[in-house]
Structures are given as C-alpha cells and as structure tokens.
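The file data_36.txt contains compact mmCIF, C-alpha atoms:
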# COMPACT_ATOMS: atom_id res chain seq x y z
CA MET A 1 82.16 112.97 77.17
CA ARG A 2 84.14 114.30 74.20
CA GLY A 3 83.00 113.34 70.74
CA LEU A 4 84.83 112.99 67.47
CA VAL A 5 83.43 114.63 64.35
CA ILE A 6 84.51 112.71 61.27
CA ILE A 7 84.66 114.87 58.16
CA PRO A 8 85.42 112.94 54.97
CA ALA A 9 86.90 115.38 52.47
CA LEU A 10 87.97 115.11 48.86
CA ASN A 11 89.37 118.36 47.49
CA GLU A 12 87.42 120.51 49.95
CA ALA A 13 90.16 123.03 50.79
CA ARG A 14 87.78 125.89 49.93
CA ASN A 15 84.90 124.67 52.06
CA LEU A 16 86.83 123.26 55.02
CA PRO A 17 87.85 126.48 56.82
CA ARG A 18 84.22 127.50 57.19
CA VAL A 19 83.14 124.03 58.32
CA LEU A 20 85.91 123.77 60.92
CA GLU A 21 85.33 127.32 62.12
CA SER A 22 81.63 126.73 62.71
CA LEU A 23 82.48 123.46 64.45
CA ARG A 24 84.72 125.30 66.91
CA ARG A 25 82.12 127.98 67.44
CA ASP A 26 78.88 125.99 67.56
CA ALA A 27 79.94 122.54 68.73
CA PRO A 28 82.04 122.61 71.90
CA GLY A 29 82.88 119.17 73.23
CA TRP A 30 83.72 117.80 69.80
CA ASP A 31 87.14 117.14 68.25
CA ALA A 32 87.33 117.58 64.50
CA CYS A 33 88.87 114.77 62.46
CA VAL A 34 89.27 115.39 58.74
CA VAL A 35 89.80 112.28 56.63
CA ASP A 36 91.53 113.38 53.46
CA ASP A 37 90.45 110.87 50.83
CA GLY A 38 93.39 111.33 48.49
CA SER A 39 92.85 115.01 47.69
CA THR A 40 95.02 116.74 45.15
CA ASP A 41 94.49 120.22 46.63
CA GLU A 42 95.45 121.70 49.99
CA THR A 43 92.76 119.87 51.97
CA ALA A 44 95.14 118.25 54.47
CA ARG A 45 97.21 121.39 55.10
CA THR A 46 94.12 123.57 55.48
CA ALA A 47 92.61 121.14 57.98
CA ARG A 48 95.84 120.95 59.97
CA GLU A 49 96.15 124.73 60.10
CA GLN A 50 92.62 124.84 61.51
CA GLY A 51 93.69 122.51 64.31
CA ALA A 52 91.87 119.39 63.16
CA ILE A 53 93.18 115.84 63.46
CA VAL A 54 94.07 114.89 59.89
CA LEU A 55 93.97 111.33 58.63
CA ARG A 56 95.45 111.23 55.18
CA LEU A 57 94.58 108.30 52.94
CA ALA A 58 97.37 107.44 50.54
CA GLN A 59 94.84 106.74 47.81
CA ASN A 60 91.19 107.49 47.21
CA LEU A 61 88.96 104.95 48.98
CA GLY A 62 85.60 106.58 48.43
CA ILE A 63 83.31 107.92 51.12
CA GLY A 64 82.76 104.55 52.83
CA GLY A 65 86.42 103.77 53.32
CA ALA A 66 87.13 107.34 54.43
CA VAL A 67 84.35 107.44 57.03
CA GLN A 68 85.41 104.04 58.36
CA THR A 69 88.93 105.38 58.90
CA GLY A 70 87.37 107.98 61.19
CA TYR A 71 85.46 105.33 63.12
CA LEU A 72 88.68 103.32 63.48
CA TRP A 73 90.36 106.40 64.98
CA ALA A 74 87.40 106.91 67.32
CA ARG A 75 87.61 103.31 68.49
CA GLU A 76 91.39 103.42 68.96
CA HIS A 77 91.18 106.59 71.01
CA GLY A 78 88.25 105.51 73.13
CA TYR A 79 85.70 108.08 71.99
CA GLY A 80 82.26 107.17 73.30
CA ILE A 81 80.53 109.19 70.64
CA ALA A 82 81.36 110.00 67.03
CA ALA A 83 79.60 112.07 64.39
CA GLN A 84 80.02 112.36 60.67
CA ILE A 85 79.30 115.47 58.65
CA ASP A 86 80.15 116.31 55.06
CA GLY A 87 83.17 118.42 54.27
CA ASP A 88 81.28 120.65 51.85
CA GLY A 89 79.48 122.74 54.44
CA GLN A 90 75.94 121.51 53.84
CA HIS A 91 75.60 120.25 57.42
CA ASP A 92 75.34 122.74 60.26
CA PRO A 93 77.34 121.71 63.38
CA GLN A 94 74.70 123.45 65.51
CA PHE A 95 72.54 120.34 65.20
CA LEU A 96 75.18 118.06 66.71
CA ALA A 97 74.03 118.87 70.24
CA ALA A 98 70.45 117.79 69.53
CA ALA A 99 71.65 114.71 67.69
CA ARG A 100 73.88 113.44 70.50
CA ALA A 101 71.18 113.76 73.14
CA PRO A 102 69.33 110.50 72.30
CA ILE A 103 72.64 108.63 72.48
CA GLU A 104 73.65 110.10 75.81
CA GLU A 105 70.22 109.28 77.20
CA GLY A 106 70.71 105.71 76.01
CA LYS A 107 67.71 105.89 73.68
CA ALA A 108 69.59 105.28 70.43
CA ASP A 109 72.86 103.87 69.09
CA LEU A 110 72.77 105.76 65.82
CA VAL A 111 71.08 109.08 65.11
CA VAL A 112 70.51 110.30 61.57
CA GLY A 113 69.97 113.98 60.81
CA SER A 114 66.94 114.23 58.54
CA ARG A 115 66.10 117.22 56.37
CA TYR A 116 62.55 115.97 55.95
CA LEU A 117 61.50 115.98 59.59
CA GLY A 118 61.81 119.76 59.85
CA SER A 119 60.17 122.24 57.57
CA ASP A 120 62.84 124.33 55.90
CA GLY A 121 66.25 124.39 54.27
CA PHE A 122 67.62 122.70 51.18
CA ARG A 123 65.71 119.52 50.27
CA SER A 124 67.24 118.43 46.97
CA THR A 125 65.55 118.04 43.59
CA ALA A 126 62.19 116.33 42.96
CA VAL A 127 63.81 113.30 41.29
CA ARG A 128 66.17 112.75 44.19
CA ARG A 129 63.39 113.21 46.71
CA ALA A 130 61.47 110.44 44.96
CA GLY A 131 64.56 108.22 45.09
CA ILE A 132 65.01 108.97 48.78
CA ARG A 133 61.36 108.14 49.50
CA TYR A 134 61.80 104.85 47.69
CA LEU A 135 64.92 104.00 49.70
CA SER A 136 63.17 104.93 52.91
CA TRP A 137 60.27 102.65 52.04
CA PHE A 138 62.61 99.83 51.04
CA LEU A 139 64.63 100.10 54.25
CA ARG A 140 61.48 99.85 56.30
CA LEU A 141 60.29 96.87 54.29
CA ARG A 142 63.62 95.08 54.44
CA CYS A 143 64.74 95.63 57.99
CA GLY A 144 62.11 97.66 59.73
CA ALA A 145 64.20 100.82 60.02
CA ARG A 146 62.06 103.94 60.13
CA VAL A 147 64.22 106.60 58.54
CA THR A 148 62.92 109.49 56.47
CA ASP A 149 66.30 110.57 55.10
CA PRO A 150 68.39 107.43 54.53
CA THR A 151 70.96 109.16 52.30
CA SER A 152 71.79 111.83 54.84
CA GLY A 153 75.49 112.01 55.64
CA PHE A 154 74.81 113.68 58.98
CA ARG A 155 75.05 111.02 61.66
CA VAL A 156 75.94 110.57 65.30
CA ALA A 157 77.07 107.17 66.53
CA GLY A 158 77.29 105.82 70.06
CA ARG A 159 79.88 103.36 71.31
CA ARG A 160 78.13 100.28 69.91
CA ALA A 161 77.76 101.85 66.48
CA ILE A 162 81.42 102.96 66.52
CA GLU A 163 82.47 99.36 67.21
CA LEU A 164 80.25 98.07 64.42
CA PHE A 165 81.31 100.63 61.82
CA ALA A 166 84.99 100.30 62.67
CA ALA A 167 84.70 96.59 61.91
CA HIS A 168 82.23 96.72 59.00
CA TYR A 169 81.31 99.63 56.82
CA PRO A 170 79.92 99.40 53.31
CA SER A 171 81.70 101.15 50.44
CA ASP A 172 80.28 102.97 47.44
CA TYR A 173 77.20 105.02 48.48
CA PRO A 174 77.22 103.50 51.97
CA GLU A 175 74.63 105.61 53.83
CA PRO A 176 71.41 103.55 53.47
CA GLU A 177 73.34 100.30 53.77
CA ALA A 178 74.99 101.47 57.00
CA ILE A 179 71.52 102.04 58.50
CA ALA A 180 70.47 98.54 57.43
CA LEU A 181 73.67 97.08 58.87
CA ALA A 182 73.08 98.86 62.18
CA THR A 183 69.44 97.73 62.41
CA ARG A 184 70.34 94.17 61.50
CA SER A 185 73.03 94.14 64.17
CA GLY A 186 70.47 95.03 66.78
CA LEU A 187 71.32 98.71 67.16
CA SER A 188 68.52 101.21 67.54
CA VAL A 189 68.41 103.95 64.94
CA SER A 190 66.52 107.23 65.36
CA GLU A 191 66.30 110.57 63.61
CA VAL A 192 66.43 114.23 64.51
CA PRO A 193 65.42 117.12 62.26
CA VAL A 194 68.25 119.13 60.71
CA VAL A 195 68.37 121.95 58.19
CA MET A 196 70.76 121.48 55.31
CA ARG A 197 72.33 124.12 53.11
CA GLU A 198 73.10 123.91 49.46
CA ARG A 199 76.83 123.50 48.90
CA GLU A 200 78.79 126.64 48.09
CA HIS A 201 81.78 125.38 46.17
CA GLY A 202 82.17 122.31 44.00
CA ARG A 203 79.64 119.79 42.76
CA SER A 204 77.76 116.93 44.34
CA SER A 205 79.51 113.60 43.84
CA ILE A 206 76.42 112.06 42.24
CA GLY A 207 75.34 112.94 38.70
CA ALA A 208 72.31 111.77 36.70
CA GLY A 209 73.73 108.38 35.71
CA GLY A 210 75.02 108.12 39.25
CA THR A 211 71.51 108.39 40.66
CA VAL A 212 70.39 105.31 38.73
CA TYR A 213 73.52 103.40 39.74
CA TYR A 214 72.96 104.54 43.32
CA LEU A 215 69.43 103.17 43.45
CA VAL A 216 70.33 99.88 41.76
CA LYS A 217 73.41 99.31 43.91
CA VAL A 218 71.71 100.16 47.18
CA SER A 219 68.60 98.10 46.35
CA LEU A 220 70.77 95.10 45.52
CA ALA A 221 72.74 95.55 48.73
CA LEU A 222 69.52 95.66 50.73
CA ILE A 223 68.09 92.60 48.97
CA LEU A 224 71.27 90.61 49.65
CA LEU A 225 71.38 91.72 53.27
CA PRO A 226 70.37 88.50 55.07
CA ALA A 227 73.06 86.45 53.38
CA ARG A 228 75.62 88.78 54.88
CA ARG A 229 74.26 88.86 58.39
CA GLY A 230 77.15 86.69 59.52
CA VAL A 231 79.65 89.47 58.99
CA ALA A 232 77.83 91.98 61.16
CA MET B 1 83.81 51.94 10.71
CA THR B 2 82.39 54.73 12.83
CA GLN B 3 83.57 58.28 12.58
CA PRO B 4 86.02 59.35 15.31
CA LEU B 5 84.45 61.51 18.02
CA LEU B 6 87.07 64.21 17.57
CA PRO B 7 89.13 64.57 14.37
CA LEU B 8 92.77 63.71 14.99
CA GLU B 9 93.90 67.15 13.76
CA LEU B 10 91.67 68.92 16.27
CA GLN B 11 92.89 66.62 19.02
CA MET B 12 96.48 67.48 18.20
CA VAL B 13 95.91 71.21 17.99
CA VAL B 14 94.02 71.28 21.30
CA CYS B 15 96.65 69.13 23.02
CA GLY B 16 99.43 71.36 21.70
CA THR B 17 97.66 74.49 22.88
CA LEU B 18 96.95 73.01 26.30
CA ILE B 19 100.54 71.90 26.74
CA ALA B 20 101.83 75.34 25.73
CA PHE B 21 99.35 76.97 28.12
CA SER B 22 100.28 74.66 31.00
CA ALA B 23 103.96 75.26 30.34
CA TRP B 24 103.31 79.00 30.55
CA VAL B 25 101.43 78.62 33.84
CA VAL B 26 104.22 76.46 35.28
CA TYR B 27 106.81 78.99 34.11
CA LEU B 28 104.90 81.84 35.81
CA LEU B 29 104.56 79.77 38.99
CA ARG B 30 108.26 78.98 39.12
CA LYS B 31 109.10 82.63 38.52
CA GLY B 32 106.84 83.53 41.44
CA ARG B 33 104.62 85.72 39.27
CA LEU B 34 101.57 83.56 39.87
CA GLY B 35 100.44 82.31 43.28
CA LEU B 36 99.79 78.59 43.54
CA ARG B 37 96.52 79.26 45.38
CA GLU B 38 95.18 81.46 42.58
CA SER B 39 96.35 79.19 39.80
CA LEU B 40 95.08 75.94 41.30
CA LEU B 41 91.73 76.26 39.51
CA TRP B 42 93.51 76.95 36.21
CA ILE B 43 95.70 73.87 36.59
CA LEU B 44 92.86 71.56 37.61
CA SER B 45 90.45 72.73 34.93
CA THR B 46 93.15 72.58 32.26
CA ALA B 47 93.92 69.01 33.33
CA ALA B 48 90.22 68.15 32.96
CA VAL B 49 90.10 69.60 29.44
CA PHE B 50 93.28 67.70 28.61
CA ALA B 51 91.75 64.42 29.77
CA MET B 52 88.68 65.04 27.67
CA THR B 53 90.70 65.76 24.55
CA LEU B 54 92.82 62.65 24.98
CA PHE B 55 89.83 60.43 25.74
CA PRO B 56 86.91 61.74 23.65
CA ARG B 57 84.76 58.92 25.05
CA LEU B 58 84.58 60.95 28.24
CA LEU B 59 83.30 63.85 26.19
CA ARG B 60 80.75 61.65 24.50
CA SER B 61 79.33 60.35 27.76
CA ILE B 62 79.10 63.92 29.07
CA ALA B 63 77.37 65.01 25.86
CA HIS B 64 75.06 62.03 26.18
CA GLY B 65 74.28 62.85 29.79
CA LEU B 66 73.46 66.44 28.88
CA ALA B 67 71.40 65.37 25.86
CA ILE B 68 73.74 67.20 23.48
CA GLU B 69 73.83 65.44 20.10
CA VAL B 70 77.23 66.51 18.82
CA PRO B 71 80.16 65.94 21.20
CA SER B 72 81.98 69.05 19.94
CA ASN B 73 79.03 71.17 21.09
CA ALA B 74 79.51 69.67 24.52
CA LEU B 75 83.14 70.76 24.22
CA PHE B 76 82.03 74.35 23.56
CA ALA B 77 79.62 74.29 26.48
CA LEU B 78 82.33 72.99 28.78
CA ALA B 79 84.79 75.56 27.47
CA ILE B 80 82.36 78.34 28.39
CA LEU B 81 81.88 76.82 31.85
CA TYR B 82 85.66 76.58 32.23
CA LEU B 83 86.13 80.26 31.39
CA THR B 84 83.23 81.39 33.57
CA LEU B 85 84.58 79.49 36.57
CA ASN B 86 88.04 80.93 36.14
CA VAL B 87 86.76 84.48 35.67
CA LEU B 88 84.62 84.17 38.79
CA SER B 89 87.56 82.94 40.82
CA LEU B 90 89.54 85.88 39.46
CA THR B 91 86.80 88.31 40.54
CA ILE B 92 86.79 86.80 44.02
CA ALA B 93 90.55 87.21 44.26
CA LEU B 94 90.22 90.81 43.07
CA SER B 95 87.56 91.59 45.68
CA ASN B 96 89.74 90.15 48.40
CA GLY B 97 92.64 92.22 47.16
CA ALA B 98 90.53 95.38 47.17
CA THR B 99 89.33 94.75 50.74
CA ARG B 100 92.89 94.24 51.89
CA ALA B 101 94.14 97.33 50.10
CA ARG B 102 91.38 99.35 51.78
CA ARG B 103 92.35 98.07 55.24
CA LEU B 104 96.03 98.77 54.62
CA THR B 105 95.35 102.27 53.35
CA GLN B 106 93.28 102.99 56.45
CA GLU B 107 95.97 101.56 58.71
CA CYS B 108 98.58 103.79 57.07
CA ALA B 109 96.38 106.85 57.58
CA LEU B 110 95.86 105.95 61.26
CA LEU B 111 99.59 105.47 61.78
CA ARG B 112 100.36 108.74 60.05
CA GLY B 113 97.82 110.44 62.30
CA GLU B 114 99.44 108.96 65.40
CA LEU B 115 102.84 110.05 64.16
CA ASP B 116 101.58 113.61 63.62
CA ALA B 117 100.14 113.70 67.13
CA LEU B 118 103.39 112.37 68.64
CA ARG B 119 105.47 114.86 66.69
CA ALA B 120 103.28 117.74 67.81
CA GLN B 121 103.64 116.61 71.43
CA PHE B 122 107.38 116.24 71.03
CA ASP B 123 107.69 119.71 69.50
CA LYS B 124 105.70 121.17 72.37
CA LEU B 125 107.99 119.48 74.91
CA ALA B 126 111.13 120.54 73.07
CA THR B 127 110.13 124.20 72.86
CA GLY B 128 108.74 124.20 76.41
CA LYS B 129 112.16 123.55 77.93
Could I get this structure in the form of structure tokens?
Amino acid sequence: MRGLVIIPALNEARNLPRVLESLRRDAPGWDACVVDDGSTDETARTAREQGAIVLRLAQNLGIGGAVQTGYLWAREHGYGIAAQIDGDGQHDPQFLAAARAPIEEGKADLVVGSRYLGSDGFRSTAVRRAGIRYLSWFLRLRCGARVTDPTSGFRVAGRRAIELFAAHYPSDYPEPEAIALATRSGLSVSEVPVVMREREHGRSSIGAGGTVYYLVKVSLALILLPARRGVA
Amino acid sequence: MTQPLLPLELQMVVCGTLIAFSAWVVYLLRKGRLGLRESLLWILSTAAVFAMTLFPRLLRSIAHGLAIEVPSNALFALAILYLTLNVLSLTIALSNGATRARRLTQECALLRGELDALRAQFDKLATGK
C-alpha cells in the first residue's frame, strides 16, 4: 500500500531538497506531497524539481489548513495511509516505516512520533518541555489520550484518520487538538519513538510570546471540546 | 407636573440619528453592499431603540424591571447590549467567512495539483509519440 507524505512548507526552499532526498532514499513506498503555504521563495519550484506533488495554496492558511489540504489530496486519491512531517528537516523519514507498522497491523488509526519515548536527539528547551508535559497531562485528563509528545508534527494516519482530518482539522497550533479530535471520534492513537534534529535553516514558528498563546489557545480548545463533539 | 422621562431635545437628536443610520443601512442594502441576512440584526435592534425613544414609557418599565433608578441609565445599558450583540454577530459572520475562504483556498490548491498532474501526463504522451 502506497502512502502519502504530507510536508507543509512555508519558505523552506533551502531545507526541502534535503528532506525530499532523504524521503526518496529512506522511505520507499511513500509519495511526497509538499503543501506550499503561500511561500514567497522558491519552495514550490524546488519541490517540483525534486519530483514531489506540489499543492500550492494561493494564500497563507497556517499549518492546520496546509496539512488538511494534504489529507484532502490523500482522500481524493484513495491513499490508505498518510504521514505528515515538517518541511524544515527536523523529522527523519527513516522512522516512517516503524510508524506505519501499527496502522498496517490494524492496531492504531493515528501514530505520533515522540521524541520523549527514545533516549536521544533534540528535545527542545526546558520551558517548552514543561509546556509539553502540561499538554500531555491535560490531554490525558480531558480525553484519555496517552501521548508523551502532543506537539510533535510527525504523524502517520490510517484511512479512518485521513477521512476525519480531511473533514475536520483544527487551525492555529493544531497538533494537540488533532489528537483530541481523533480520540473523541473513537480513533485509537499510539506513539512510536523518533529522534528529532534541530533545524538547520530558518527559525521555529513559535517565539516566547507564542508559547504562552499556544498554551492558552490549546487549553481553551481542549476545555471546549465536548461542545464541539457534534462536528467530529 | 412630572418631569418628562426623556428630554424632548434628546428624543429629537436620537430619532434624527437613528433615521439617518437606518437610511444609510437601507442605502447600502439597495446598493447590494450589505447582505440582508447580515443586516437583519442591525435593522431589528435599531427598530427596538427607535420604539424606546419614541415611547419612553417602555424604557421606564424596562428600567423599573431591572431596578435601575434613572431611565437614561437603562438606555445606556441597552445601548451597550445592542452594540455587543451586533459585534458578536459580526464576529460570527467573520468566522464563517474565514472557514469558507480556507475551504476555497484548499480546493484551488487541489485543482491546481490535478491540473499539474494532467499536464505532466499530457506532456509525456505528446513527447512519447
């Protein structure tokens, strides 16, 4: 079964060649799909030259809207499995094989790559780790999801999760909320250990003020979850 | 002789303002620059304010019901409610618009992707011959 790797990218022309090259080398059985979220650099052209499917958004939608575009493509084209990795090179495509196994064995609908299950690699700053631990605790409290790395953008989705995310995907720091949405919709979520690298070019999209906004927004979204169950 | 609930001058100024405002809304509606669905709340709430200015007794019974001593304070409270309601309805409309814009943008990207794939296939066929 061929899978689709969704790579949301905003001005990642410098990082993309390496990401797409390692995908070709280390992840056979996957088609690369770059969603260009309104980049002003050569992101789309670079991706096309590297042989990826390119979905170009006419305007910036943010990570949630971009990732959902990939899931819509996966649904339209009948992919039974879809993954998402970041366009900045911090996720290693090598781990895709381990992450798709639980889905192919029918043990999970959504698999999250966690940097805290393993023992090495880049694990972010102390403040962010505390925030991540809080989110993990809150997710478990709110919907019983046991996830150690809820902000991880490394995910593999089975057919049921593709259907769900194509129809509903949160915007604006969507990762923890997407896990909650999946759990609430009766999908089973599991984790595999992955090693993450620190990004080479460019900056993380979340600054210091952003971290506070992130926590407040995601907490609020999780608190309001039951009222929105109807949409899922 | 009891004091009037609202001074006549105030009544006139408010009525004038409301009429001018309503005329503007009607003008925008007729020009097609304002949707009837979005402006319905404006029209209804403006009509309610108009009724209260013309018949201050209404205002007095509302003030009485809310245990507000001075009717004009009730007017202020209602004015704030009126604005809050309209701003909320505006925010709802904006959210709906944003959701739709997101869907449309995604649909365009999907169509462009399909077009690219078709064109690549076509080019392959054309050069293969």
* Just the residues within 7 Å of region 30-42 of chain A, please, counting only C-alpha atoms, with nothing from its chain fewer than 2 positions along; format it as JSON, numbers by chain. => {"A": [2, 3, 4, 5, 6, 7, 8, 9, 10, 11, 13, 27, 28, 44, 45, 46, 47, 52, 53, 54, 55, 56, 57, 58, 59, 60, 61, 62, 66, 70]}
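Among B:Leu104, B:Leu90, B:Ala117, B:Ala79, the residue with the shortest atom-to-atom distance to Ser45 (chain B), counting only C-alpha atoms, is B:Ala79.
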Expected answer as a JSON list (two decimals) with C-alpha atoms, in the coordinates of the input: chain B residues within 9 Å of chain A, only C-alpha atoms:
[["chain", "number", "residue", "atom", "x", "y", "z"],
["B", 102, "ARG", "CA", 91.38, 99.35, 51.78],
["B", 103, "ARG", "CA", 92.35, 98.07, 55.24],
["B", 105, "THR", "CA", 95.35, 102.27, 53.35],
["B", 106, "GLN", "CA", 93.28, 102.99, 56.45],
["B", 107, "GLU", "CA", 95.97, 101.56, 58.71],
["B", 108, "CYS", "CA", 98.58, 103.79, 57.07],
["B", 109, "ALA", "CA", 96.38, 106.85, 57.58],
["B", 110, "LEU", "CA", 95.86, 105.95, 61.26],
["B", 111, "LEU", "CA", 99.59, 105.47, 61.78],
["B", 112, "ARG", "CA", 100.36, 108.74, 60.05],
["B", 113, "GLY", "CA", 97.82, 110.44, 62.30],
["B", 116, "ASP", "CA", 101.58, 113.61, 63.62],
["B", 117, "ALA", "CA", 100.14, 113.70, 67.13]]
Requested in this report: Would you kindly return, as a list in words, each protein, DNA or RNA residue with an atom no farther than 8 Å from any atom of region 97-100 of chain A, considering all atoms listed in the file and excluding same-chain residues fewer than 6 positions away?
Outcome: Ala27, Ile81, Val111, Val112, Gly113, Arg155, Val156, Glu191 and Val192 of chain A
Check your understanding: Any idea what's packed within 10 Å of Gly121 (chain A), counting only C-alpha atoms, ignoring anything in its chain fewer than 4 positions away? Could you give it as a list in words?
Key -> Arg115, Tyr116, Val194, Val195, Met196, Arg197 and Glu198 of chain A
Which polymer residues have any atom within 12 Å of an atom of Ala74 (chain B), counting all atoms listed in the file, with same-chain residues fewer than 4 positions away left out, as a list in words?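 Listed by chain and then number, they are Leu5, Leu6, Val49, Met52, Thr53, Pro56, Arg57, Leu58, Leu59, Arg60, Ser61, Ile62, Ala63, His64, Gly65, Leu66, Ala67, Ile68, Glu69, Val70, Leu78, Ala79, Ile80 and Leu81 of chain B.
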- Message: Report, in Å with one decimal, the straight-line distance from CA of Tyr134 (chain A) to CA of Tyr169 (chain A).
- Response: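 Those two atoms sit 22.2 Å apart.
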Using all atoms listed in the file, pick whichever of B:Leu54, B:Ile43, B:Leu36, B:Ser95 has the shortest atom-to-atom distance to Gly16 (chain B).
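Selected residue with least distance to Gly16 (chain B): B:Leu54.
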Discussion item. Applying 9 Å and all atoms listed in the file, which residues near Gln94 (chain A) remain after dropping the ones on its own chain fewer than 2 positions away? List them as a list in words.
Written reply: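 Result of the neighbour search: Ser22, Leu23, Arg25, Asp26, Ala27, His91, Asp92, Leu96, Ala97 and Ala98 of chain A.
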